[in-house]
Structure formats: structure tokens, C-alpha cells
>>> print(open('upload.txt').read())   # compact mmCIF, C-alpha atoms
# COMPACT_ATOMS: atom_id res chain seq x y z
CA MET A 1 -23.66 16.24 -13.05
CA LYS A 2 -24.00 20.00 -13.46
CA ILE A 3 -21.35 22.30 -12.01
CA CYS A 4 -21.13 26.06 -12.22
CA PHE A 5 -17.79 27.63 -13.10
CA ALA A 6 -17.79 30.94 -11.18
CA THR A 7 -15.75 33.12 -13.52
CA ASN A 8 -16.28 36.42 -15.34
CA ASN A 9 -13.39 35.54 -17.66
CA GLN A 10 -14.68 34.22 -20.99
CA ASN A 11 -11.19 32.93 -21.90
CA LYS A 12 -11.15 30.69 -18.85
CA LEU A 13 -14.68 29.46 -19.49
CA LYS A 14 -13.72 28.50 -23.04
CA GLU A 15 -10.50 26.80 -21.92
CA ILE A 16 -12.21 24.71 -19.24
CA SER A 17 -15.05 23.77 -21.64
CA GLU A 18 -12.41 22.42 -24.04
CA ILE A 19 -10.66 20.49 -21.28
CA LEU A 20 -13.88 19.12 -19.85
CA GLY A 21 -15.39 17.59 -22.97
CA ASP A 22 -18.69 15.94 -21.98
CA GLN A 23 -17.71 14.51 -18.59
CA PHE A 24 -19.74 17.08 -16.68
CA GLU A 25 -22.14 19.81 -17.72
CA LEU A 26 -20.51 23.20 -17.20
CA LEU A 27 -22.81 26.08 -16.24
CA SER A 28 -21.73 29.69 -16.76
CA LEU A 29 -22.63 32.40 -14.27
CA GLU A 30 -25.03 33.88 -16.81
CA SER A 31 -26.81 30.56 -17.26
CA ILE A 32 -27.64 30.40 -13.54
CA GLY A 33 -28.79 34.04 -13.51
CA CYS A 34 -25.71 35.60 -11.90
CA PHE A 35 -24.79 38.76 -13.80
CA GLU A 36 -22.47 40.38 -11.29
CA GLU A 37 -18.75 40.98 -11.35
CA LEU A 38 -17.44 38.59 -8.67
CA GLU A 39 -15.23 40.23 -6.06
CA GLU A 40 -11.64 39.06 -5.59
CA THR A 41 -10.25 41.19 -2.79
CA LYS A 42 -8.05 38.66 -0.95
CA ASP A 43 -4.26 38.64 -1.08
CA THR A 44 -3.74 34.98 -1.98
CA LEU A 45 -4.88 32.77 -4.87
CA GLU A 46 -6.44 30.48 -2.27
CA GLY A 47 -8.39 33.38 -0.75
CA ASN A 48 -9.72 34.75 -4.03
CA SER A 49 -10.66 31.35 -5.35
CA LEU A 50 -12.60 30.58 -2.16
CA GLN A 51 -14.18 34.05 -2.12
CA LYS A 52 -15.68 33.60 -5.59
CA ALA A 53 -16.87 30.02 -5.08
CA ALA A 54 -18.32 30.78 -1.64
CA TYR A 55 -20.25 33.80 -2.91
CA VAL A 56 -21.96 31.87 -5.69
CA HIS A 57 -22.53 28.79 -3.52
CA ALA A 58 -24.17 30.86 -0.77
CA LYS A 59 -26.40 32.70 -3.20
CA PHE A 60 -27.45 29.88 -5.55
CA ASN A 61 -26.85 26.76 -3.43
CA ILE A 62 -25.42 24.65 -6.27
CA PRO A 63 -22.12 22.80 -6.80
CA VAL A 64 -19.68 25.43 -7.95
CA PHE A 65 -15.97 25.93 -8.49
CA ALA A 66 -13.84 29.02 -9.02
CA ASP A 67 -10.20 29.45 -9.87
CA ASP A 68 -7.58 32.08 -9.31
CA THR A 69 -4.33 32.05 -11.20
CA GLY A 70 -1.08 33.93 -10.77
CA LEU A 71 2.25 34.16 -12.53
CA GLU A 72 5.00 33.89 -9.90
CA VAL A 73 8.38 35.19 -11.06
CA ASN A 74 11.31 34.08 -8.93
CA SER A 75 13.56 37.11 -9.38
CA LEU A 76 10.61 39.34 -8.41
CA ASN A 77 9.98 37.37 -5.20
CA GLY A 78 6.84 35.78 -6.59
CA ALA A 79 5.32 38.95 -8.09
CA PRO A 80 2.97 39.64 -9.80
CA GLY A 81 1.36 36.56 -8.22
CA VAL A 82 -2.17 37.16 -6.99
CA TYR A 83 -2.03 40.63 -8.59
CA SER A 84 -1.19 39.28 -12.06
CA ALA A 85 -4.39 40.49 -13.74
CA ARG A 86 -4.07 43.97 -12.20
CA TYR A 87 -0.26 44.26 -12.44
CA ALA A 88 -0.25 47.35 -14.71
CA GLY A 89 -3.42 48.88 -13.24
CA PRO A 90 -7.12 48.36 -12.65
CA GLU A 91 -7.85 48.06 -16.39
CA ARG A 92 -6.58 44.43 -16.26
CA ASP A 93 -5.14 44.81 -19.76
CA SER A 94 -2.98 41.82 -20.63
CA PHE A 95 -0.81 43.71 -23.12
CA ASN A 96 0.01 46.41 -20.55
CA ASN A 97 0.66 43.73 -17.94
CA MET A 98 3.16 41.96 -20.21
CA GLN A 99 4.87 45.26 -21.04
CA LYS A 100 5.31 46.01 -17.35
CA LEU A 101 6.72 42.55 -16.61
CA LEU A 102 9.19 42.66 -19.52
CA THR A 103 10.42 46.04 -18.25
CA ALA A 104 10.75 44.73 -14.68
CA LEU A 105 12.87 41.83 -15.94
CA GLU A 106 15.12 43.83 -18.30
CA ASP A 107 18.20 43.56 -16.07
CA LYS A 108 17.46 40.15 -14.54
CA THR A 109 19.35 37.01 -15.50
CA ASP A 110 17.01 34.65 -13.64
CA ARG A 111 13.80 34.65 -15.70
CA SER A 112 12.28 31.49 -14.24
CA ALA A 113 8.60 31.61 -13.34
CA ARG A 114 5.57 29.44 -12.70
CA PHE A 115 1.90 29.71 -13.41
CA ARG A 116 -0.07 28.58 -10.37
CA THR A 117 -3.81 27.92 -10.31
CA VAL A 118 -5.89 27.27 -7.23
CA ILE A 119 -9.38 25.87 -7.74
CA THR A 120 -11.94 25.88 -4.94
CA TYR A 121 -14.87 23.51 -5.28
CA MET A 122 -17.93 23.88 -3.02
CA GLU A 123 -20.96 21.70 -2.46
CA ASN A 124 -23.30 21.41 0.51
CA GLY A 125 -21.37 24.06 2.40
CA GLN A 126 -18.04 22.22 2.16
CA SER A 127 -15.01 23.54 0.30
CA PHE A 128 -12.11 21.68 -1.33
CA GLN A 129 -9.01 23.19 -2.94
CA PHE A 130 -6.83 21.86 -5.77
CA GLU A 131 -3.54 23.33 -7.00
CA GLY A 132 -1.93 23.15 -10.43
CA ILE A 133 1.55 24.41 -11.34
CA VAL A 134 3.54 24.69 -14.54
CA GLU A 135 7.18 25.79 -14.37
CA GLY A 136 8.81 27.77 -17.15
CA GLU A 137 10.56 30.96 -18.26
CA ILE A 138 9.67 34.51 -19.20
CA ILE A 139 11.12 35.23 -22.64
CA LYS A 140 12.28 38.70 -23.75
CA ASN A 141 9.56 39.49 -26.31
CA MET A 142 5.95 38.55 -26.85
CA GLU A 143 5.59 35.62 -29.22
CA GLY A 144 2.35 34.16 -30.55
CA GLU A 145 -1.23 35.25 -30.83
CA GLY A 146 -2.90 32.37 -28.97
CA GLY A 147 -4.00 32.00 -25.39
CA PHE A 148 -4.58 34.98 -23.11
CA GLY A 149 -3.05 36.80 -20.16
CA TYR A 150 0.73 36.32 -20.02
CA ASP A 151 0.73 33.38 -22.47
CA PRO A 152 2.84 35.13 -25.21
CA ILE A 153 5.82 35.64 -22.86
CA PHE A 154 5.76 32.31 -20.96
CA THR A 155 7.60 29.23 -22.26
CA PRO A 156 6.71 26.07 -20.30
CA LYS A 157 9.63 23.82 -19.30
CA GLY A 158 10.48 21.30 -22.02
CA TYR A 159 9.09 23.45 -24.84
CA ASP A 160 10.68 26.18 -26.95
CA GLN A 161 7.44 27.93 -27.79
CA THR A 162 5.26 30.14 -25.61
CA PHE A 163 1.71 29.35 -24.51
CA GLY A 164 0.78 31.99 -27.12
CA GLU A 165 2.42 29.90 -29.87
CA LEU A 166 1.57 26.37 -28.76
CA SER A 167 -1.79 25.05 -29.93
CA SER A 168 -4.63 25.13 -27.42
CA GLU A 169 -4.60 21.30 -27.55
CA ILE A 170 -1.02 21.24 -26.25
CA LYS A 171 -1.57 24.05 -23.75
CA ASN A 172 -4.62 22.23 -22.40
CA GLN A 173 -2.59 19.06 -21.86
CA ILE A 174 0.11 20.66 -19.72
CA SER A 175 -1.22 23.89 -18.25
CA HIS A 176 -1.53 24.91 -14.61
CA ARG A 177 -5.30 25.20 -15.01
CA LYS A 178 -5.51 21.74 -16.58
CA ARG A 179 -3.46 20.25 -13.74
CA ALA A 180 -5.62 21.80 -11.03
CA PHE A 181 -8.74 20.86 -12.93
CA ASP A 182 -7.66 17.21 -13.31
CA LYS A 183 -7.45 16.98 -9.53
CA LEU A 184 -10.98 18.37 -9.23
CA ILE A 185 -12.30 15.89 -11.83
CA ASN A 186 -10.62 12.97 -10.04
CA PHE A 187 -12.12 14.12 -6.77
CA LEU A 188 -15.61 14.32 -8.29
CA LYS A 189 -15.32 10.91 -9.99
CA THR A 190 -14.10 9.23 -6.80
CA LYS A 191 -16.93 10.82 -4.84
CA GLU A 192 -19.50 9.70 -7.42
CA SER A 193 -18.23 6.12 -7.49
CA LYS A 194 -18.35 5.99 -3.66
CA SER A 195 -21.92 7.30 -3.52
CA ALA A 196 -23.03 5.02 -6.39
CA MET B 1 -3.67 77.51 -18.49
CA LYS B 2 -4.96 74.38 -16.74
CA ILE B 3 -7.04 71.84 -18.66
CA CYS B 4 -8.47 68.56 -17.46
CA PHE B 5 -8.09 65.48 -19.66
CA ALA B 6 -11.22 63.45 -18.96
CA THR B 7 -9.92 59.93 -19.40
CA ASN B 8 -9.75 56.79 -17.27
CA ASN B 9 -7.04 55.42 -19.58
CA GLN B 10 -3.61 55.87 -18.04
CA ASN B 11 -1.93 55.09 -21.38
CA LYS B 12 -3.68 58.02 -23.03
CA LEU B 13 -2.87 60.35 -20.14
CA LYS B 14 0.81 59.45 -20.42
CA GLU B 15 0.80 59.86 -24.21
CA ILE B 16 -0.83 63.29 -24.14
CA SER B 17 1.49 64.45 -21.31
CA GLU B 18 4.45 63.54 -23.52
CA ILE B 19 2.97 65.38 -26.51
CA LEU B 20 2.02 68.42 -24.48
CA GLY B 21 5.36 69.24 -22.87
CA ASP B 22 4.90 72.39 -20.76
CA GLN B 23 2.55 74.34 -23.02
CA PHE B 24 -0.45 73.78 -20.76
CA GLU B 25 -0.91 72.18 -17.39
CA LEU B 26 -2.71 68.87 -17.75
CA LEU B 27 -5.02 67.83 -14.90
CA SER B 28 -6.02 64.20 -14.45
CA LEU B 29 -9.51 63.24 -13.30
CA GLU B 30 -8.08 62.15 -9.96
CA SER B 31 -6.37 65.51 -9.44
CA ILE B 32 -9.71 67.35 -9.71
CA GLY B 33 -11.42 64.87 -7.38
CA CYS B 34 -13.26 62.80 -9.99
CA PHE B 35 -12.86 59.12 -9.18
CA GLU B 36 -15.62 57.67 -11.33
CA GLU B 37 -15.51 55.53 -14.43
CA LEU B 38 -16.79 57.90 -17.15
CA GLU B 39 -19.67 56.52 -19.22
CA GLU B 40 -19.28 56.10 -22.98
CA THR B 41 -22.58 54.75 -24.19
CA LYS B 42 -22.95 56.54 -27.54
CA ASP B 43 -22.51 54.85 -30.92
CA THR B 44 -20.07 57.32 -32.47
CA LEU B 45 -16.62 58.60 -31.50
CA GLU B 46 -18.08 62.11 -31.59
CA GLY B 47 -20.85 61.12 -29.20
CA ASN B 48 -18.62 59.37 -26.67
CA SER B 49 -16.04 62.12 -26.71
CA LEU B 50 -18.73 64.74 -26.07
CA GLN B 51 -20.41 62.59 -23.42
CA LYS B 52 -17.23 62.37 -21.35
CA ALA B 53 -16.23 66.02 -21.70
CA ALA B 54 -19.76 67.27 -21.01
CA TYR B 55 -20.10 65.15 -17.88
CA VAL B 56 -16.91 66.48 -16.31
CA HIS B 57 -17.58 70.05 -17.47
CA ALA B 58 -21.08 70.05 -15.96
CA LYS B 59 -19.87 68.61 -12.68
CA PHE B 60 -16.62 70.54 -12.16
CA ASN B 61 -17.12 73.63 -14.35
CA ILE B 62 -13.54 73.73 -15.66
CA PRO B 63 -11.99 73.64 -19.15
CA VAL B 64 -11.90 69.97 -20.08
CA PHE B 65 -11.32 67.76 -23.08
CA ALA B 66 -12.01 64.09 -23.75
CA ASP B 67 -11.12 61.85 -26.64
CA ASP B 68 -12.54 58.76 -28.18
CA THR B 69 -10.56 56.68 -30.62
CA GLY B 70 -11.49 53.88 -32.96
CA LEU B 71 -9.75 51.61 -35.41
CA GLU B 72 -11.76 51.57 -38.65
CA VAL B 73 -10.98 48.62 -40.93
CA ASN B 74 -12.16 49.04 -44.50
CA SER B 75 -12.89 45.39 -45.31
CA LEU B 76 -14.97 45.18 -42.12
CA ASN B 77 -17.06 48.24 -43.09
CA GLY B 78 -15.39 50.40 -40.48
CA ALA B 79 -15.53 47.91 -37.60
CA PRO B 80 -14.49 47.73 -34.80
CA GLY B 81 -14.72 51.57 -34.85
CA VAL B 82 -16.39 53.03 -31.81
CA TYR B 83 -16.44 49.53 -30.28
CA SER B 84 -12.66 49.05 -30.62
CA ALA B 85 -11.95 48.83 -26.89
CA ARG B 86 -14.81 46.36 -26.31
CA TYR B 87 -14.42 44.39 -29.56
CA ALA B 88 -13.70 41.02 -27.89
CA GLY B 89 -15.94 41.66 -24.86
CA PRO B 90 -16.57 43.91 -21.88
CA GLU B 91 -13.13 43.14 -20.39
CA ARG B 92 -11.57 45.62 -22.86
CA ASP B 93 -8.48 43.42 -23.11
CA SER B 94 -6.23 44.65 -25.91
CA PHE B 95 -4.63 41.25 -26.52
CA ASN B 96 -8.03 39.58 -26.96
CA ASN B 97 -9.17 42.45 -29.18
CA MET B 98 -6.14 42.01 -31.45
CA GLN B 99 -6.69 38.24 -31.58
CA LYS B 100 -10.30 38.76 -32.67
CA LEU B 101 -9.34 41.27 -35.36
CA LEU B 102 -6.56 39.06 -36.79
CA THR B 103 -9.07 36.20 -37.01
CA ALA B 104 -11.68 38.42 -38.70
CA LEU B 105 -9.10 39.45 -41.32
CA GLU B 106 -7.68 35.96 -41.99
CA ASP B 107 -9.27 35.63 -45.43
CA LYS B 108 -9.23 39.33 -46.40
CA THR B 109 -6.86 40.77 -48.98
CA ASP B 110 -7.69 44.40 -48.19
CA ARG B 111 -6.11 45.05 -44.79
CA SER B 112 -6.20 48.85 -44.95
CA ALA B 113 -7.37 50.67 -41.83
CA ARG B 114 -7.27 54.01 -40.07
CA PHE B 115 -7.05 55.12 -36.49
CA ARG B 116 -9.45 57.99 -35.92
CA THR B 117 -9.54 60.18 -32.80
CA VAL B 118 -12.21 62.73 -31.96
CA ILE B 119 -11.42 65.21 -29.20
CA THR B 120 -14.15 67.33 -27.64
CA TYR B 121 -13.07 70.44 -25.76
CA MET B 122 -15.51 72.26 -23.48
CA GLU B 123 -15.32 75.58 -21.67
CA ASN B 124 -18.05 77.92 -20.47
CA GLY B 125 -20.74 75.60 -21.74
CA GLN B 126 -19.44 75.57 -25.32
CA SER B 127 -18.08 72.49 -27.07
CA PHE B 128 -15.58 72.18 -29.93
CA GLN B 129 -14.54 69.00 -31.76
CA PHE B 130 -11.24 68.12 -33.45
CA GLU B 131 -10.50 65.04 -35.56
CA GLY B 132 -7.20 63.25 -36.16
CA ILE B 133 -6.64 60.39 -38.59
CA VAL B 134 -3.73 58.16 -39.47
CA GLU B 135 -4.04 55.73 -42.36
CA GLY B 136 -2.27 52.38 -42.39
CA GLU B 137 -2.50 48.60 -42.55
CA ILE B 138 -3.27 45.70 -40.22
CA ILE B 139 -0.39 43.23 -40.38
CA LYS B 140 -0.78 39.47 -39.88
CA ASN B 141 0.95 39.07 -36.50
CA MET B 142 1.53 41.23 -33.46
CA GLU B 143 4.90 42.96 -33.58
CA GLY B 144 6.44 45.11 -30.88
CA GLU B 145 5.94 45.65 -27.18
CA GLY B 146 5.37 49.44 -27.20
CA GLY B 147 2.21 51.51 -27.26
CA PHE B 148 -1.17 50.10 -26.26
CA GLY B 149 -4.48 48.98 -27.75
CA TYR B 150 -4.08 47.78 -31.34
CA ASP B 151 -0.61 49.34 -31.78
CA PRO B 152 1.26 46.00 -32.34
CA ILE B 153 -0.82 45.12 -35.43
CA PHE B 154 -1.07 48.59 -37.06
CA THR B 155 1.58 49.88 -39.48
CA PRO B 156 1.12 53.58 -40.34
CA LYS B 157 1.45 54.53 -44.01
CA GLY B 158 5.06 55.24 -44.99
CA TYR B 159 6.54 53.07 -42.22
CA ASP B 160 7.38 49.37 -42.14
CA GLN B 161 7.11 49.03 -38.37
CA THR B 162 3.99 48.92 -36.19
CA PHE B 163 3.05 51.51 -33.57
CA GLY B 164 4.18 48.81 -31.11
CA GLU B 165 7.68 48.82 -32.65
CA LEU B 166 8.15 52.51 -33.43
CA SER B 167 9.50 54.65 -30.59
CA SER B 168 6.96 56.73 -28.67
CA GLU B 169 8.74 59.83 -30.03
CA ILE B 170 7.91 58.80 -33.60
CA LYS B 171 4.41 57.60 -32.74
CA ASN B 172 3.70 60.91 -31.01
CA GLN B 173 4.77 62.85 -34.11
CA ILE B 174 2.38 61.12 -36.50
CA SER B 175 -0.44 59.55 -34.54
CA HIS B 176 -4.18 60.15 -34.85
CA ARG B 177 -4.26 61.41 -31.26
CA LYS B 178 -1.37 63.80 -31.89
CA ARG B 179 -3.10 65.15 -35.01
CA ALA B 180 -6.38 65.79 -33.22
CA PHE B 181 -4.54 67.23 -30.26
CA ASP B 182 -2.53 69.63 -32.45
CA LYS B 183 -5.80 71.09 -33.68
CA LEU B 184 -6.97 71.60 -30.10
CA ILE B 185 -3.67 73.27 -29.15
CA ASN B 186 -3.86 75.60 -32.15
CA PHE B 187 -7.41 76.48 -31.24
CA LEU B 188 -6.45 77.28 -27.64
CA LYS B 189 -3.42 79.36 -28.69
CA THR B 190 -5.43 81.37 -31.21
CA LYS B 191 -8.11 82.00 -28.62
CA GLU B 192 -5.52 83.11 -26.04
CA SER B 193 -3.82 85.49 -28.46
CA LYS B 194 -7.20 87.01 -29.38
CA SER B 195 -8.16 87.56 -25.78
CA ALA B 196 -4.72 88.92 -24.86
>>> encode(input="upload.txt", output="C-alpha cells")
Amino acid sequence: MKICFATNNQNKLKEISEILGDQFELLSLESIGCFEELEETKDTLEGNSLQKAAYVHAKFNIPVFADDTGLEVNSLNGAPGVYSARYAGPERDSFNNMQKLLTALEDKTDRSARFRTVITYMENGQSFQFEGIVEGEIIKNMEGEGGFGYDPIFTPKGYDQTFGELSSEIKNQISHRKRAFDKLINFLKTKESKSA
Amino acid sequence: MKICFATNNQNKLKEISEILGDQFELLSLESIGCFEELEETKDTLEGNSLQKAAYVHAKFNIPVFADDTGLEVNSLNGAPGVYSARYAGPERDSFNNMQKLLTALEDKTDRSARFRTVITYMENGQSFQFEGIVEGEIIKNMEGEGGFGYDPIFTPKGYDQTFGELSSEIKNQISHRKRAFDKLINFLKTKESKSA
């Protein structure tokens, strides 16, 4: 089965390809002839994820999924959340975003946070959403050169290294995106076995 | 005297404001009513810097300067150079760019590099260019949460901390951008004293 992953983020495409193995054939936006920057103008992860999947599904009429991911920091009332990628400005620069978050947390004792991913899958005009969460903490300095986004300042619960330090194998076993994606895969397998 | 700094990069605007003090009044693109993303499609720092200054000068007819900056790594024949901001892809993400550079240098013994800035100043249809260079080394891991771009992996000659670790006061005394900018300031002061 071929599914398009509606993302302009090459890091996410690589991560999901690694998680997926050869269970399904993953199509990039470029490979289906979609060369646009997908809009994400909603104010929830659910809204943005649906917006991207729905746009590609309407235009190309193929099975497609999109994700949106936010880092929700408890002592900041869930910020940066859906604005995580644009936290320090429209440049979406992950280093600047981390700088801004470390500054915002300088005087906070509660540094607990969660990564939350919402995946929307669409086929035949129907949409389905799947959520994945990983709880953890924001550390005081960036550590590690792996991953992307806020990975170098986020330590998942039960580990003493950040997502920037942990190998991609470990990150891909426990991450928010992996957890949401597992639910999508289960859904697709169940559906296939029913229709078989 | 009022001068526009033709940049979409808020980090650069902040840095130059700090360097400038109250010698001249710095105008942002937004403050003159320019809300576009400036094109930089040339293949040299000189070309991009001129392209941005010339565009704003032609459209708004005010004194304006623009910079372009590259990190030139000797063992990579000067790469990423003019493509520094887009080294890891069109997202211009500084964390991804640093990751890619650290990987490219994994097996290199020569890790010497230079930041090079070219500033183009335009007034009354004339253009003037000023260069600033700082020599240094690419270290093996990111260190420090200050600065922007490649700052956490670049140690300037004579220092054992990166531009990400050094205070902005120190960075602004010795940086490539400061050196190019000093030349522009000298030029403007000399011109003013001549015309006075």
C-alpha cells in the first residue's frame, strides 16, 4: 500500500521512513508532484494536521497522512505548543527556539513537558486522528547533536539523556511521533485484514 | 543620520543595533514599509549583499546597507560559504546546518575556518562594499546557547570558547560582522566630516 506523508519537513520524512521499514511504501510530496509549502494556520495540532492532510487529499485524491507536533511545557501553560516551530519567529529556527525556551524557563522550578503529535490520516474523503505523547523534562542546556527541533533540551522520562543524545534507534522506539504512528499502522493493518 | 538595514534576520538586526549604539539611527525593513522576503539568489557574498541593498535602495530611495555572511571551511574548499544558511536545506535551520557540517568534518584533521561578512552600502545610486573576517576553528560538538547560526561550533582564534559561549559583548568586539560594520561606520563618518 502506498501512502503519502504530507510534510515539508525532511527531518520528519527521514524519521518516519526509518520507523516504517518496508511495511508500507511512503510517498513524499515531491514524488506525487506537490511542490508547495503546505499551510498550517490553525491554532491546534489537530487543526493543522487535518489542514495539511485534507489539502493534499483533496488535490491528489490519494491516501495521505500529515502530522503536527508541539512541545507543551507545564509551567508555561502548554506553550509553545502548536507554535513550537515558530516560537522565536517566522524563521522557524530550532536553535533560536531552544534559546527562547531556555530563557523563558530560567526562573521556573517545574520544567516538566511533553511532546505531543497528532496524525491525521485521510482516504476516500474520511479522516482519522491518532495521538502520541512522550512525557519528560526540559534541561538547562542543549546537549547532543542528534535529532531536530527541541530534541537537545528534552529528556524523556526514564532516560538521563536528551533526544539529541539518544540514538535515533532509541528515539524511534519511544517518541511521540512513533507512538502516534504506531496507532496509524495498527489502524491500517486492521482495515486491510478486514477488507481481505 | 538614518540608515536602513536591509535584512529579514532578526538576530542580525539585534546584533547590529547593539554594535551601533546611538551613532546612527537604524531603520528596519518593517519600519520603512518593506514587508517582503528579500531575494538572495547570487552565488557570492558580494552578489547577495548587493542584491539586497540595491533592491531596497531602488524601491525606497534611502541610504541602505545589507550584509551577507558565510562560513568558509578550508578542508571543504570554502563550503558552505555563500550557502551557509541553506546548507542542510531550504528550511535554513541552524541546528540542522551545524549537524551537517559536523558530519562533513568527522574525518578531517584540518578544522580551520573563517566567518566572512560582506556589507554593501548604497546611497544616491552608488554602492560601496566592506569586508569583515574572523579566523577560527570548527570544534567537534556544539557548545553554548548564545549567538545564532553556526556560533556554537566556531571558536575564534585566540579564544577557547565558541561564539555561542562568549558573551555578546565579546562577540561584538571581534566578529566578522563587527569588522565589516566598523569599516562602513568609518566610511560614513569620513564622508560626513568632508561634507560638513
>>> residues_around(input="upload.txt", residues="B:Glu37", least_positions_apart="6", cutoff="12 Å", atoms="all atoms listed in the file", output="VMD selection string")
(chain A and resid 90 to 91) or (chain B and resid 6 to 9 29 to 30 52 55 to 56)
>>> closest_atom_pairs(input="upload.txt", of="chain A", to="chain B", cutoff="9 Å", atoms="only C-alpha atoms", output="tab-separated table")
residue	atom	partner	partner_atom	distance
A:Asn8	CA	B:Glu91	CA	9.0
A:Asn9	CA	B:Glu91	CA	8.1
A:Gln10	CA	B:Gly89	CA	8.5
A:Asn11	CA	B:Asn96	CA	8.9
A:Gly89	CA	B:Gln10	CA	8.5
A:Glu91	CA	B:Arg92	CA	7.9
A:Arg92	CA	B:Asp93	CA	7.2
A:Asp93	CA	B:Asp93	CA	4.9
A:Ser94	CA	B:Phe95	CA	6.1
A:Phe95	CA	B:Phe95	CA	5.7
A:Asn96	CA	B:Phe148	CA	6.9
A:Met98	CA	B:Glu145	CA	8.4
A:Gln99	CA	B:Glu145	CA	6.2
A:Leu102	CA	B:Glu145	CA	8.8
A:Asn141	CA	B:Glu145	CA	7.2
A:Met142	CA	B:Glu145	CA	7.1
A:Glu143	CA	B:Met142	CA	8.1
A:Gly144	CA	B:Met142	CA	7.7
A:Glu145	CA	B:Gln99	CA	6.3
A:Gly146	CA	B:Gln99	CA	7.5
A:Gly147	CA	B:Asn96	CA	8.7
A:Phe148	CA	B:Asn96	CA	6.9
A:Gly149	CA	B:Phe95	CA	7.9
>>> closest_residue(input="upload.txt", among="A:Glu123, A:Glu131, A:Glu36, A:Asp43", to="A:Pro80", atoms="all atoms listed in the file")
A:Asp43
>>> residues_around(input="upload.txt", residues="stretch 166-178 of chain A", least_positions_apart="3", cutoff="10 Å", atoms="only C-alpha atoms", output="MDAnalysis selection string")
chainID A and resid 12 15:16 18:20 67:70 114:119 130:135 144:147 151:152 155:156 159:163 181:184
>>> atom_distance(input="upload.txt", atom1="atom CA of B:Ala79", atom2="atom CA of A:Phe35")
27.1 Å
>>> residues_around(input="upload.txt", residues="B:Ile139", least_positions_apart="6", cutoff="8 Å", atoms="all atoms listed in the file", output="ChimeraX atom specification")
/B:111,153-155
>>> closest_residue(input="upload.txt", among="B:Leu45, B:Leu26, B:Ala113, B:Ile185", to="B:Leu71", atoms="only C-alpha atoms")
B:Ala113
>>> build_atoms(input="upload.txt", residues="stretch 145-160 of chain B", atoms="N, CA, C and O atoms", output="short mmCIF file (atom, residue, chain, number, x, y, z; two decimals), in the coordinates of the input")
data_model
loop_
_atom_site.label_atom_id
_atom_site.label_comp_id
_atom_site.auth_asym_id
_atom_site.auth_seq_id
_atom_site.Cartn_x
_atom_site.Cartn_y
_atom_site.Cartn_z
N GLU B 145 6.45 45.64 -28.55
CA GLU B 145 5.94 45.65 -27.18
C GLU B 145 5.60 47.06 -26.71
O GLU B 145 5.32 47.28 -25.54
N GLY B 146 5.68 48.06 -27.59
CA GLY B 146 5.37 49.44 -27.20
C GLY B 146 3.91 49.77 -27.41
O GLY B 146 3.14 48.96 -27.89
N GLY B 147 3.56 51.01 -27.03
CA GLY B 147 2.21 51.51 -27.26
C GLY B 147 1.17 50.81 -26.43
O GLY B 147 1.45 50.28 -25.35
N PHE B 148 -0.07 50.79 -26.94
CA PHE B 148 -1.17 50.10 -26.26
C PHE B 148 -2.27 49.85 -27.28
O PHE B 148 -2.12 50.20 -28.46
N GLY B 149 -3.37 49.24 -26.83
CA GLY B 149 -4.48 48.98 -27.75
C GLY B 149 -4.05 48.12 -28.93
O GLY B 149 -3.45 47.07 -28.74
N TYR B 150 -4.38 48.56 -30.14
CA TYR B 150 -4.08 47.78 -31.34
C TYR B 150 -2.71 48.11 -31.93
O TYR B 150 -2.40 47.67 -33.04
N ASP B 151 -1.89 48.87 -31.23
CA ASP B 151 -0.61 49.34 -31.78
C ASP B 151 0.25 48.23 -32.39
O ASP B 151 0.86 48.44 -33.45
N PRO B 152 0.36 47.02 -31.77
CA PRO B 152 1.26 46.00 -32.34
C PRO B 152 0.80 45.40 -33.66
O PRO B 152 1.56 44.64 -34.27
N ILE B 153 -0.42 45.68 -34.13
CA ILE B 153 -0.82 45.12 -35.43
C ILE B 153 -1.09 46.20 -36.46
O ILE B 153 -1.53 45.92 -37.56
N PHE B 154 -0.80 47.48 -36.14
CA PHE B 154 -1.07 48.59 -37.06
C PHE B 154 0.23 49.24 -37.54
O PHE B 154 1.01 49.74 -36.74
N THR B 155 0.43 49.22 -38.86
CA THR B 155 1.58 49.88 -39.48
C THR B 155 1.12 51.16 -40.16
O THR B 155 0.35 51.11 -41.11
N PRO B 156 1.55 52.34 -39.68
CA PRO B 156 1.12 53.58 -40.34
C PRO B 156 1.75 53.70 -41.73
O PRO B 156 2.85 53.21 -41.96
N LYS B 157 1.02 54.32 -42.63
CA LYS B 157 1.45 54.53 -44.01
C LYS B 157 2.83 55.18 -44.04
O LYS B 157 3.08 56.16 -43.32
N GLY B 158 3.74 54.64 -44.87
CA GLY B 158 5.06 55.24 -44.99
C GLY B 158 6.08 54.64 -44.03
O GLY B 158 7.26 55.01 -44.05
N TYR B 159 5.64 53.72 -43.18
CA TYR B 159 6.54 53.07 -42.22
C TYR B 159 6.45 51.56 -42.42
O TYR B 159 5.43 51.07 -42.89
N ASP B 160 7.51 50.83 -42.07
CA ASP B 160 7.38 49.37 -42.14
C ASP B 160 7.42 48.74 -40.75
O ASP B 160 7.60 47.54 -40.61
#
